[in-house]
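target_6.txt (compact mmCIF, C-alpha atoms)
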# COMPACT_ATOMS: atom_id res chain seq x y z
CA MET V 143 118.04 58.82 108.56
CA LEU V 144 121.32 56.93 108.37
CA ILE V 145 122.96 59.38 110.78
CA GLU V 146 120.10 58.83 113.24
CA PHE V 147 120.58 55.05 112.92
CA MET V 148 124.32 55.42 113.59
CA ARG V 149 123.59 57.41 116.74
CA GLN V 150 121.32 54.61 117.93
CA GLN V 151 124.00 52.00 117.10
CA PRO V 152 127.27 53.61 118.25
CA ARG V 153 129.33 50.42 117.78
CA LEU V 154 128.27 49.96 114.15
CA LYS V 155 130.55 51.12 111.34
CA ILE V 156 128.90 52.28 108.11
CA ASP V 157 130.30 52.28 104.57
CA ILE V 158 127.68 53.79 102.25
CA THR V 159 127.83 53.63 98.45
CA CYS V 160 125.41 55.56 96.24
CA GLU V 161 124.99 54.46 92.63
CA ASP V 162 122.24 53.65 90.17
CA ALA V 163 123.64 50.32 88.98
CA TYR V 164 122.32 47.04 90.36
CA VAL V 165 125.52 45.72 91.92
CA ASP V 166 126.28 42.16 92.99
CA LEU V 167 125.79 42.32 96.76
CA VAL V 168 127.72 39.12 97.46
CA ALA V 169 130.69 39.99 95.26
CA ARG V 170 130.88 43.52 96.71
CA GLY V 171 130.39 42.39 100.32
CA ILE V 172 127.30 44.56 100.79
CA ASP V 173 125.11 43.79 103.80
CA VAL V 174 121.98 45.61 102.62
CA ALA V 175 120.92 47.72 99.65
CA LEU V 176 117.92 49.98 99.13
CA ARG V 177 116.47 49.45 95.67
CA MET V 178 113.63 51.19 93.91
CA GLY V 179 111.35 49.40 91.49
CA ARG V 180 110.05 45.86 91.33
CA LEU V 181 112.49 43.21 92.43
CA ALA V 182 113.60 40.68 89.86
CA ASP V 183 113.37 37.04 90.86
CA SER V 184 116.65 36.09 92.49
CA SER V 185 118.23 34.29 95.39
CA LEU V 186 118.45 37.53 97.37
CA GLY V 187 116.44 38.32 100.45
CA GLY V 188 114.16 41.35 100.34
CA ARG V 189 111.75 43.36 102.47
CA PHE V 190 109.21 45.86 101.17
CA ILE V 191 109.91 49.21 102.84
CA GLY V 192 107.46 51.61 101.21
CA SER V 193 106.42 53.43 98.06
CA ASN V 194 108.22 56.17 96.18
CA PRO V 195 105.76 58.51 94.38
CA TRP V 196 106.81 60.79 91.53
CA VAL V 197 105.67 64.27 90.50
CA MET V 198 105.86 66.27 87.28
CA VAL V 199 107.40 69.69 87.90
CA ALA V 200 108.58 72.90 86.26
CA SER V 201 109.75 76.27 87.48
CA PRO V 202 107.43 79.29 87.53
CA GLY V 203 109.97 81.00 85.24
CA TYR V 204 109.75 78.26 82.63
CA LEU V 205 105.96 78.25 82.71
CA ALA V 206 105.91 82.04 82.38
CA GLU V 207 107.71 81.68 79.04
CA HIS V 208 105.83 78.60 77.82
CA GLU V 209 102.16 77.73 77.86
CA THR V 210 101.31 75.56 80.86
CA PRO V 211 100.37 72.04 79.72
CA HIS V 212 96.80 70.98 80.55
CA ALA V 213 96.82 67.53 78.92
CA PRO V 214 99.54 64.91 78.30
CA SER V 215 99.54 65.69 74.57
CA ASP V 216 100.61 69.26 75.40
CA LEU V 217 104.03 67.92 76.44
CA ASP V 218 104.89 67.63 72.73
CA ASP V 219 105.48 71.39 72.75
CA HIS V 220 107.81 71.41 75.78
CA ASP V 221 111.42 70.73 76.67
CA CYS V 222 111.24 67.65 78.88
CA ILE V 223 114.18 66.78 81.10
CA VAL V 224 114.65 63.02 81.14
CA TYR V 225 115.91 60.80 83.96
CA SER V 226 117.89 58.21 82.03
CA SER V 227 118.11 55.59 84.78
CA VAL V 228 114.45 54.61 84.56
CA GLN V 229 113.36 51.97 82.07
CA GLY V 230 111.36 53.62 79.30
CA ASP V 231 112.88 56.92 80.42
CA ALA V 232 111.64 59.02 77.48
CA ILE V 233 108.14 57.53 77.63
CA TRP V 234 106.20 59.10 80.47
CA GLN V 235 103.22 57.11 81.74
CA LEU V 236 100.32 59.16 83.11
CA ARG V 237 96.95 57.97 84.34
CA SER V 238 93.88 60.18 84.38
CA SER V 239 91.47 60.27 87.31
CA GLU V 240 89.07 58.25 85.14
CA GLY V 241 91.68 55.50 84.78
CA GLY V 242 92.80 56.18 81.21
CA VAL V 243 96.53 55.60 80.62
CA HIS V 244 98.58 57.96 78.48
CA ALA V 245 102.06 56.97 77.26
CA VAL V 246 103.77 60.14 76.07
CA VAL V 247 107.06 60.13 74.18
CA VAL V 248 108.86 63.25 75.39
CA ASN V 249 111.72 65.25 73.89
CA GLY V 250 114.17 67.69 75.34
CA ARG V 251 117.75 68.85 75.36
CA LEU V 252 118.90 67.30 78.64
CA ARG V 253 119.07 63.73 79.90
CA SER V 254 120.87 62.65 83.06
CA ASN V 255 121.08 59.71 85.45
CA ASN V 256 121.53 62.13 88.36
CA LEU V 257 118.41 63.41 90.13
CA SER V 258 120.15 66.45 91.64
CA THR V 259 121.17 67.53 88.13
CA LEU V 260 117.57 67.23 86.95
CA LEU V 261 116.25 69.23 89.91
CA SER V 262 118.81 71.99 89.26
CA ALA V 263 117.88 72.09 85.58
CA VAL V 264 114.19 72.46 86.45
CA GLN V 265 114.97 75.26 88.91
CA LEU V 266 117.01 77.02 86.19
CA ASN V 267 114.01 77.10 83.81
CA LEU V 268 115.29 74.43 81.42
CA GLY V 269 112.04 72.47 81.17
CA ILE V 270 109.62 69.98 82.70
CA ALA V 271 110.78 66.88 84.57
CA ILE V 272 109.40 63.93 86.48
CA LEU V 273 111.11 63.58 89.86
CA PRO V 274 110.64 61.45 92.94
CA THR V 275 108.57 63.42 95.43
CA TYR V 276 111.33 63.18 98.04
CA VAL V 277 113.70 64.97 95.65
CA ALA V 278 111.20 67.68 94.75
CA ALA V 279 109.49 68.19 98.14
CA SER V 280 111.64 70.98 99.55
CA SER V 281 111.72 72.96 96.28
CA LEU V 282 107.95 72.57 95.91
CA LYS V 283 107.42 73.87 99.42
CA SER V 284 109.65 76.90 98.79
CA GLY V 285 107.96 77.67 95.46
CA LYS V 286 111.14 77.25 93.40
CA ILE V 287 109.25 74.69 91.36
CA VAL V 288 105.56 73.86 90.93
CA ARG V 289 103.58 70.77 89.98
CA VAL V 290 102.45 70.28 86.39
CA LEU V 291 99.47 68.20 85.20
CA GLU V 292 98.37 67.61 88.79
CA ASP V 293 95.18 65.89 87.64
CA TYR V 294 97.23 62.99 86.27
CA ILE V 295 98.81 60.24 88.34
CA LEU V 296 102.37 59.04 87.77
CA PRO V 297 103.51 55.49 88.55
CA GLU V 298 104.99 54.87 91.99
CA GLN V 299 108.09 52.81 92.61
CA GLU V 300 108.36 50.15 95.27
CA LEU V 301 111.21 50.59 97.73
CA HIS V 302 112.87 47.43 99.07
CA ALA V 303 115.70 46.57 101.39
CA VAL V 304 117.67 43.80 99.70
CA PHE V 305 120.26 41.55 101.34
CA PRO V 306 122.46 38.67 100.13
CA SER V 307 120.57 35.74 101.71
CA PRO V 308 116.92 35.27 102.75
CA LYS V 309 117.96 32.57 105.25
CA PHE V 310 120.92 34.13 107.03
CA VAL V 311 120.14 37.76 107.86
CA PRO V 312 122.65 39.45 110.17
CA GLN V 313 121.22 41.16 113.25
CA LYS V 314 122.57 44.54 112.06
CA VAL V 315 120.56 44.20 108.81
CA THR V 316 117.41 43.24 110.70
CA ALA V 317 117.91 46.21 113.04
CA PHE V 318 118.38 48.57 110.08
CA ILE V 319 115.22 47.34 108.35
CA HIS V 320 113.18 47.68 111.55
CA PHE V 321 114.57 51.20 111.90
CA LEU V 322 113.54 52.11 108.32
CA LEU V 323 110.01 50.68 108.26
CA PRO V 324 108.22 53.34 110.36
CA ARG V 325 110.14 56.12 108.58
CA PHE V 326 108.74 55.16 105.17
CA LYS V 327 105.10 55.15 106.21
CA GLY V 328 102.57 57.69 104.93
CA GLN V 329 104.01 60.80 103.29
CA TRP V 330 107.54 60.04 104.39
CA TRP V 331 109.08 62.39 101.80
CA GLY V 332 107.70 65.38 103.71
CA HIS V 333 109.52 64.56 106.92
CA ARG V 334 112.57 66.65 107.63
CA SER V 335 114.86 63.66 108.10
CA ALA V 336 113.84 62.17 104.73
CA ARG V 337 113.78 65.41 102.77
CA GLY V 338 117.28 66.70 103.47
CA ASN V 339 118.27 69.70 101.38
CA ALA V 340 116.69 68.71 98.06
Rendering of file as C-alpha cells:
Amino acid sequence: MLIEFMRQQPRLKIDITCEDAYVDLVARGIDVALRMGRLADSSLGGRFIGSNPWVMVASPGYLAEHETPHAPSDLDDHDCIVYSSVQGDAIWQLRSSEGGVHAVVVNGRLRSNNLSTLLSAVQLNLGIAILPTYVAASSLKSGKIVRVLEDYILPEQELHAVFPSPKFVPQKVTAFIHFLLPRFKGQWWGHRSARGNA
C-alpha cells in the first residue's frame, strides 16, 4: 500500500520504521504512525482506520500428530506459540457464539515479538498460535496452515493513524490517511495489496 501511495505522490519522500515499541513521535520527528490497539489518552492526534481481526491457527502436520482442540480447555494439552508484544500475551481470550468468555492460560516452548517468526513456527509444525488475519491470510489460503477453534471469536484490535498534533496536521499526513481509509474497509486483509507475501 505504501508503494502505491508513493506512486500517487511522486514528490514525497518516505522514511519507514517498523517496530513494536510505542515511540515518541515528536522526539523522533515522525509525521504519522500506525498503531494497533486502543489509544491511550494523550496530546496526540488520531484517526480510526479500521479493525484488525485475529485467528487461531496450526499446521495440518501439527494437528495430524496432536488431537485437534474442540474447546478452549483443550489448549492445555498443546504447545502454544505466544506473541509477546500483546498485553496478557499468554492469556488467550476467546468468546463463544453464545457470548461466554474464556480466558485460557497457554503454555509452549516459543515466544516471540515477531509475527513472521510465529507464522514460520506454525508452518513448521511447532504448535498453535494466534495471529492477525492479515499475517495468516495467504498461508490459510494455500493450506499451509488451518484455523483452529473456529467456533470461538478472538478479540479484534483497533487500527489508528496517530500524528503529533491534533490541531496542526500536515497536508501529507491528511493525504496519507485519506489514502488508507478505503483500503482498510471490509475484509481488507484478503486484498492482494494488504496481504503481501505472508
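Note that atom CA of Ser226 of chain V and atom CA of Asn249 of chain V are 12.4 Å apart.
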Shortest contact to Ser215 of chain V, candidates V:Val247, V:Ala263, V:Ala278, V:Val165, atoms counted only C-alpha atoms, goes to V:Val247
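Put simply, atom CA of Tyr225 of chain V is 5.9 Å away from atom CA of Arg253 of chain V.
Taking atom CA of Phe326 of chain V and atom CA of Ala303 of chain V as endpoints, the distance between them is 11.7 Å.
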Margin query: So that I can check the surroundings of Tyr204 of chain V, please list as a list in words every protein, DNA and RNA residue that reaches within 10 Å of it, counting only C-alpha atoms and ignoring chain neighbours fewer than 5 positions away.
Written below: Glu209, Thr210, His220, Asp221, Val264, Gln265, Leu266, Asn267, Leu268, Gly269, Ile270 and Ile287 of chain V
Would you write out those residues with C-alpha atoms, as a PDB file, keeping the file's coordinate frame?
ATOM      1  CA  GLU V 209     102.160  77.730  77.860  1.00  0.00           C
ATOM      2  CA  THR V 210     101.310  75.560  80.860  1.00  0.00           C
ATOM      3  CA  HIS V 220     107.810  71.410  75.780  1.00  0.00           C
ATOM      4  CA  ASP V 221     111.420  70.730  76.670  1.00  0.00           C
ATOM      5  CA  VAL V 264     114.190  72.460  86.450  1.00  0.00           C
ATOM      6  CA  GLN V 265     114.970  75.260  88.910  1.00  0.00           C
ATOM      7  CA  LEU V 266     117.010  77.020  86.190  1.00  0.00           C
ATOM      8  CA  ASN V 267     114.010  77.100  83.810  1.00  0.00           C
ATOM      9  CA  LEU V 268     115.290  74.430  81.420  1.00  0.00           C
ATOM     10  CA  GLY V 269     112.040  72.470  81.170  1.00  0.00           C
ATOM     11  CA  ILE V 270     109.620  69.980  82.700  1.00  0.00           C
ATOM     12  CA  ILE V 287     109.250  74.690  91.360  1.00  0.00           C
TER      13      ILE V 287
END
**Study point:** Spatial neighbours of Leu282 of chain V, max dist 12 Å, all atoms listed in the file, sep filter under 3 positions, as a list of chain:residue names
**Key:** V:Val197, V:Met198, V:Val199, V:Ala200, V:Ser201, V:Pro202, V:Leu261, V:Val264, V:Gln265, V:Leu273, V:Pro274, V:Thr275, V:Tyr276, V:Val277, V:Ala278, V:Ala279, V:Gly285, V:Lys286, V:Ile287, V:Val288, V:Arg289, V:Val290, V:Trp331, V:Gly332, V:Arg337, V:Ala340
field: 12 Å contact set for Gly242 of chain V, only C-alpha atoms, chain neighbours under 6 positions out, as a VMD selection string
entry: chain V and resid 214 235 to 236 293 to 296
Using all atoms listed in the file, the best pick from V:Asn255, V:Thr159, V:Ser284, V:Gln299 as closest to Ser227 of chain V would be V:Asn255
Determine, counting all atoms listed in the file, which protein, DNA and RNA residues have an atom within 8 Å of an atom of Gly187 of chain V; residues of the same chain fewer than 6 positions away are not included. Present the result as a CSV table (one decimal) with C-alpha atoms, in the frame of the given file.
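File produced: out-v8.csv:
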chain,number,residue,atom,x,y,z
V,304,VAL,CA,117.7,43.8,99.7
V,305,PHE,CA,120.3,41.6,101.3
V,306,PRO,CA,122.5,38.7,100.1
V,307,SER,CA,120.6,35.7,101.7
V,308,PRO,CA,116.9,35.3,102.8
V,309,LYS,CA,118.0,32.6,105.2
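For segment 315-322 of chain V, the non-local neighbours within 8 Å, defined as residues at least 2 positions apart in the same chain or in other chains and counting all atoms listed in the file, are V:Phe147, V:Asp173, V:Val174, V:Arg189, V:Ile191, V:Ala303, V:Phe305, V:Val311, V:Pro312, V:Gln313, V:Pro324, V:Arg325, V:Phe326.
Compared by their closest atoms to Arg177 of chain V, and using all atoms listed in the file, the residues V:Leu323, V:Ala232, V:Ile158, V:Leu301 rank with V:Leu301 nearest.
Of the residues listed (V:Leu186, V:Ser239, V:Asp231, V:Lys314), V:Lys314 shows the shortest atom-to-atom separation from Arg153 of chain V; distances use all atoms listed in the file.
You can rank V:Leu260, V:Leu176, V:Met148, V:Ala206 by their closest distance to Gly192 of chain V using all atoms listed in the file, and at the top of that list sits V:Leu176.
Counting all atoms listed in the file and comparing V:Ile156, V:Leu144, V:Leu257, V:Val243, the residue that lies closest to Val228 of chain V is V:Leu257.
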